[in-house]
Amino acid sequence: MAEFAVGDEEFELDGRPVRLLSGALHYFRVHEAQWAHRLRMLRAMGLNTVETYVPWNLHESRPGTYHDADALGRFLDTAHAEGLYAIVRPGPYICAEWENGGLPDWLTGPLGPRVRTRDPEYLRAVDAWFDRLMPQVVERQIQDGGSVIMVQVENEYGSYGCDQVYLRHLTDGLRERGVTVPLFTSDGPEDHMLTGGSVPGVLATANFGSGARAAFETLRRHQPQGPLMCMEFWCGWFRHWGGEETVRDPRDAADALREILESGASVNLYMAHGGTSFAGWSGANRSGTLHDGPLQPDITSYDYDAPIDERGRPTEKFHLFREILAAYAAGPLPEIPAAEPVLTGPVQVETAEWVSLEEVMDALGGQEAETALPPTFEELGVDRGLVRYRLDIPGPRRAYPLHLAGLRDLAVAYVDGERAAVLEGHPATVEDVPGPAAVELWTESLGRVNYGPRVGEPKGLTGGVLHERQYVHGFRAQGLRLDALDDAEAVGKLPFRPLDGTTTGRGLYRGAFEVGGAGDAELQLPGWTRGFVWVNGFCLGRYWSRGPQQGLHVPGPVLREGTNELLVLELDTPGEPHVRLT
């Protein structure tokens, strides 16, 4: 029976020193049929461990209703079969450039800043989730013949708060549920972060992208003994819609990795393989030093400029890392696996039918609420998707500006059926609205904040609507959850009709296409503006002409030989009546 432990200066496996050479790979960002290939790529790079977060909101998007909640266990079994140890970071908060940092919106909506604290209502929800999740981890610990060697307590908590009662509750709860492998925390190598996020008696690790010696010196002031580990070596970075490409020079990253290893430390590459934030689960950040500025939505691709790219292919960074890591391996490294199959030849998919967005909302949206003030997305039970707000401006009155107070994130405004403005963030104003007038505000969530003090903030119209200085009262609000379009039977009942050559409206577009030689592909949408795509019922995620991302990754296992179905939910202006698979 293997035993993994934290020694005075190093990690120990069965009493022998062991260096953890780990790579982050999120099981929820890789199609399950491709897990084994990606894990073999990690081993071929010279890693002996895989690390993954667990997104609570993916598995419990409604309270008490679980979706594929056993996926973690299957992933850990696959890692074990591929000869890798596993580090599990169960949260409950994970950041990860993931919607709401992994916290369910049904919890953050009513609790707000009470989350990630000792608040009893929050802790009850966390405890119930951990009761459901943690048996998968406990049953797969290394001493029981599994792969799990370490489990994290919370995540980068020192970047958010300093509630030691909360951290102790999580620590004790993990132990009480049967976690016997070493626990750890991870924080930035700054005094206030380590002070706020560390737990006495629990191994502290540091997260950084460069300057290993200085970072470890700071860590040693807080933890004089115990192994040194960089739990997140940021060898690349993420990107935002409308932002610039983010690329790190491979040799600079390799030099930083070498410095970590020459310091005698263990390392976890973040990310080793980033994958894709399918199904609209990308999060968002707030700009500014204190992360309280304008919203910066994360793109769908989580390529992260990682050594293994979004499609699972080795990059120059991979080969440089492999050369460095080989010196620390117990023996020769495995051969690099062959690439996954790719689509045979380009395919053009005609969008032959459509149904308007209004018809989609009426058929698949939730019940319309009538309220004095506009309800938030959370109050309407919408995690990912959009809300249609309808209100009437009384009259007669002269034209005044219509102010959307506290708008999050994007709204398309219609006045008396005519498109009037596309608005983002706060302040947001529709100019020259007279009364009487009928107003519709189609509001989209671009991703909930995943890091900083604004985690858990509500979505939608959060501060009311004013005509000049007067609040407008009386709203009819209806939400459309993105996952409503995962229901093939419900979608099949929509009143699709053929395109007539002049259709330019928002709506759901459908097409069929043939594939001979299925494999990984990229989907391009020439001229399309903003929305989501499904292939054979699998949601690829958000597209946006704003860039920098220009195409959506299509995992090969999503395609099938023969006839396939495409759905495009365009939320603004459609482009050419086709898309391309390349």
# chains A, B, ... in the order shown; residues from 1 in each chain; ligands from 1
>>> residues_around(residues="A:Gly112", least_positions_apart="4", cutoff="9 Å", atoms="only C-alpha atoms", output="list in words")
Leu107, Thr108, Val455, Gly456, Glu457 and Pro458 of chain A
>>> closest_atom_pairs(of="stretch 127-236 of chain A", to="stretch 244-256 of chain A", cutoff="12 Å", atoms="only C-alpha atoms", output="Markdown table")
| residue | atom | partner | partner_atom | distance |
| --- | --- | --- | --- | --- |
| A:Phe208 | CA | A:Ala256 | CA | 9.9 |
| A:Gly209 | CA | A:Ala256 | CA | 7.3 |
| A:Ser210 | CA | A:Ala256 | CA | 5.5 |
| A:Gly211 | CA | A:Ala256 | CA | 7.2 |
| A:Ala212 | CA | A:Ala256 | CA | 7.3 |
| A:Arg213 | CA | A:Ala256 | CA | 10.1 |
| A:Ala215 | CA | A:Ala256 | CA | 12.0 |
| A:Cys230 | CA | A:Ala256 | CA | 11.3 |
| A:Phe233 | CA | A:Ala256 | CA | 8.7 |
| A:Trp234 | CA | A:Ala253 | CA | 8.6 |
| A:Cys235 | CA | A:Ala253 | CA | 5.6 |
| A:Gly236 | CA | A:Arg248 | CA | 5.7 |
>>> closest_residue(among="A:Ala306, A:Arg62, A:Thr52, A:Val6", to="A:Phe321", atoms="only C-alpha atoms")
A:Ala306
>>> select_by_dssp(residues="stretch 274-320 of chain A", states="helix (DSSP H, G or I)", output="VMD selection string")
chain A and resid 278 to 280 316 to 320
>>> closest_residue(among="A:Gly516, A:Pro90, A:Pro110, A:Gly288", to="A:Leu343", atoms="only C-alpha atoms")
A:Gly516
>>> residues_around(residues="stretch 401-410 of chain A", least_positions_apart="5", cutoff="6 Å", atoms="only C-alpha atoms", output="ChimeraX atom specification")
/A:423-426,428-433,443-445,459-468
>>> select_by_dssp(residues="stretch 197-307 of chain A", states="strand (DSSP E or B)", output="VMD selection string")
chain A and resid 203 to 208 229 to 234 240 266 to 273 276 282 284 to 286 295 to 298 301
>>> closest_residue(among="A:Thr65, A:Thr171, A:Asn285, A:Ser356", to="A:Arg132", atoms="only C-alpha atoms")
A:Thr65
>>> residues_around(residues="A:Glu379", least_positions_apart="3", cutoff="9 Å", atoms="only C-alpha atoms", output="JSON, numbers by chain")
{"A": [106, 109, 110, 375, 376, 382]}
>>> write_last_selection(atoms="N, CA, C and O atoms", output="JSON list (two decimals), in the first residue's frame")
[["chain", "number", "residue", "atom", "x", "y", "z"],
["A", 106, "TRP", "N", -27.19, 30.23, -8.10],
["A", 106, "TRP", "CA", -28.34, 30.14, -7.20],
["A", 106, "TRP", "C", -27.92, 30.34, -5.74],
["A", 106, "TRP", "O", -28.76, 30.61, -4.88],
["A", 109, "GLY", "N", -26.36, 34.47, -5.79],
["A", 109, "GLY", "CA", -27.41, 35.46, -5.99],
["A", 109, "GLY", "C", -27.99, 35.98, -4.68],
["A", 109, "GLY", "O", -27.94, 37.18, -4.40],
["A", 110, "PRO", "N", -28.52, 35.09, -3.83],
["A", 110, "PRO", "CA", -29.10, 35.57, -2.57],
["A", 110, "PRO", "C", -28.06, 35.94, -1.50],
["A", 110, "PRO", "O", -28.34, 36.76, -0.63],
["A", 375, "PRO", "N", -36.05, 42.20, -12.27],
["A", 375, "PRO", "CA", -35.37, 41.13, -11.53],
["A", 375, "PRO", "C", -34.02, 40.80, -12.17],
["A", 375, "PRO", "O", -33.81, 41.01, -13.37],
["A", 376, "THR", "N", -33.11, 40.30, -11.37],
["A", 376, "THR", "CA", -31.80, 39.90, -11.88],
["A", 376, "THR", "C", -31.90, 38.53, -12.55],
["A", 376, "THR", "O", -32.90, 37.82, -12.44],
["A", 382, "VAL", "N", -31.59, 32.12, -14.21],
["A", 382, "VAL", "CA", -30.79, 32.04, -15.44],
["A", 382, "VAL", "C", -29.31, 32.08, -15.07],
["A", 382, "VAL", "O", -28.83, 33.09, -14.55]]
>>> residues_around(residues="stretch 476-483 of chain A", least_positions_apart="6", cutoff="7 Å", atoms="only C-alpha atoms", output="NGL selection string")
:A and (361 or 364-371 or 380 or 382-391)
>>> residues_around(residues="A:Leu21", least_positions_apart="2", cutoff="7 Å", atoms="only C-alpha atoms", output="PDB file with C-alpha atoms, in the first residue's frame")
ATOM      1  CA  ARG A  19       9.480  15.572  -6.731  1.00  0.00           C
ATOM      2  CA  LEU A  47       5.217  14.940 -15.909  1.00  0.00           C
ATOM      3  CA  ASN A  48       4.277  12.402 -13.262  1.00  0.00           C
ATOM      4  CA  THR A  49       1.127  14.093 -11.917  1.00  0.00           C
ATOM      5  CA  SER A 266       8.064  20.745  -7.151  1.00  0.00           C
ATOM      6  CA  VAL A 267       5.901  22.356  -9.812  1.00  0.00           C
ATOM      7  CA  ASN A 268       2.458  22.309 -11.384  1.00  0.00           C
TER       8      ASN A 268
END
>>> residues_around(residues="A:Arg454", least_positions_apart="4", cutoff="10 Å", atoms="only C-alpha atoms", output="count of residues only")
14
>>> atom_distance(atom1="atom CA of A:Leu257", atom2="atom CA of A:Arg313")
20.2 Å
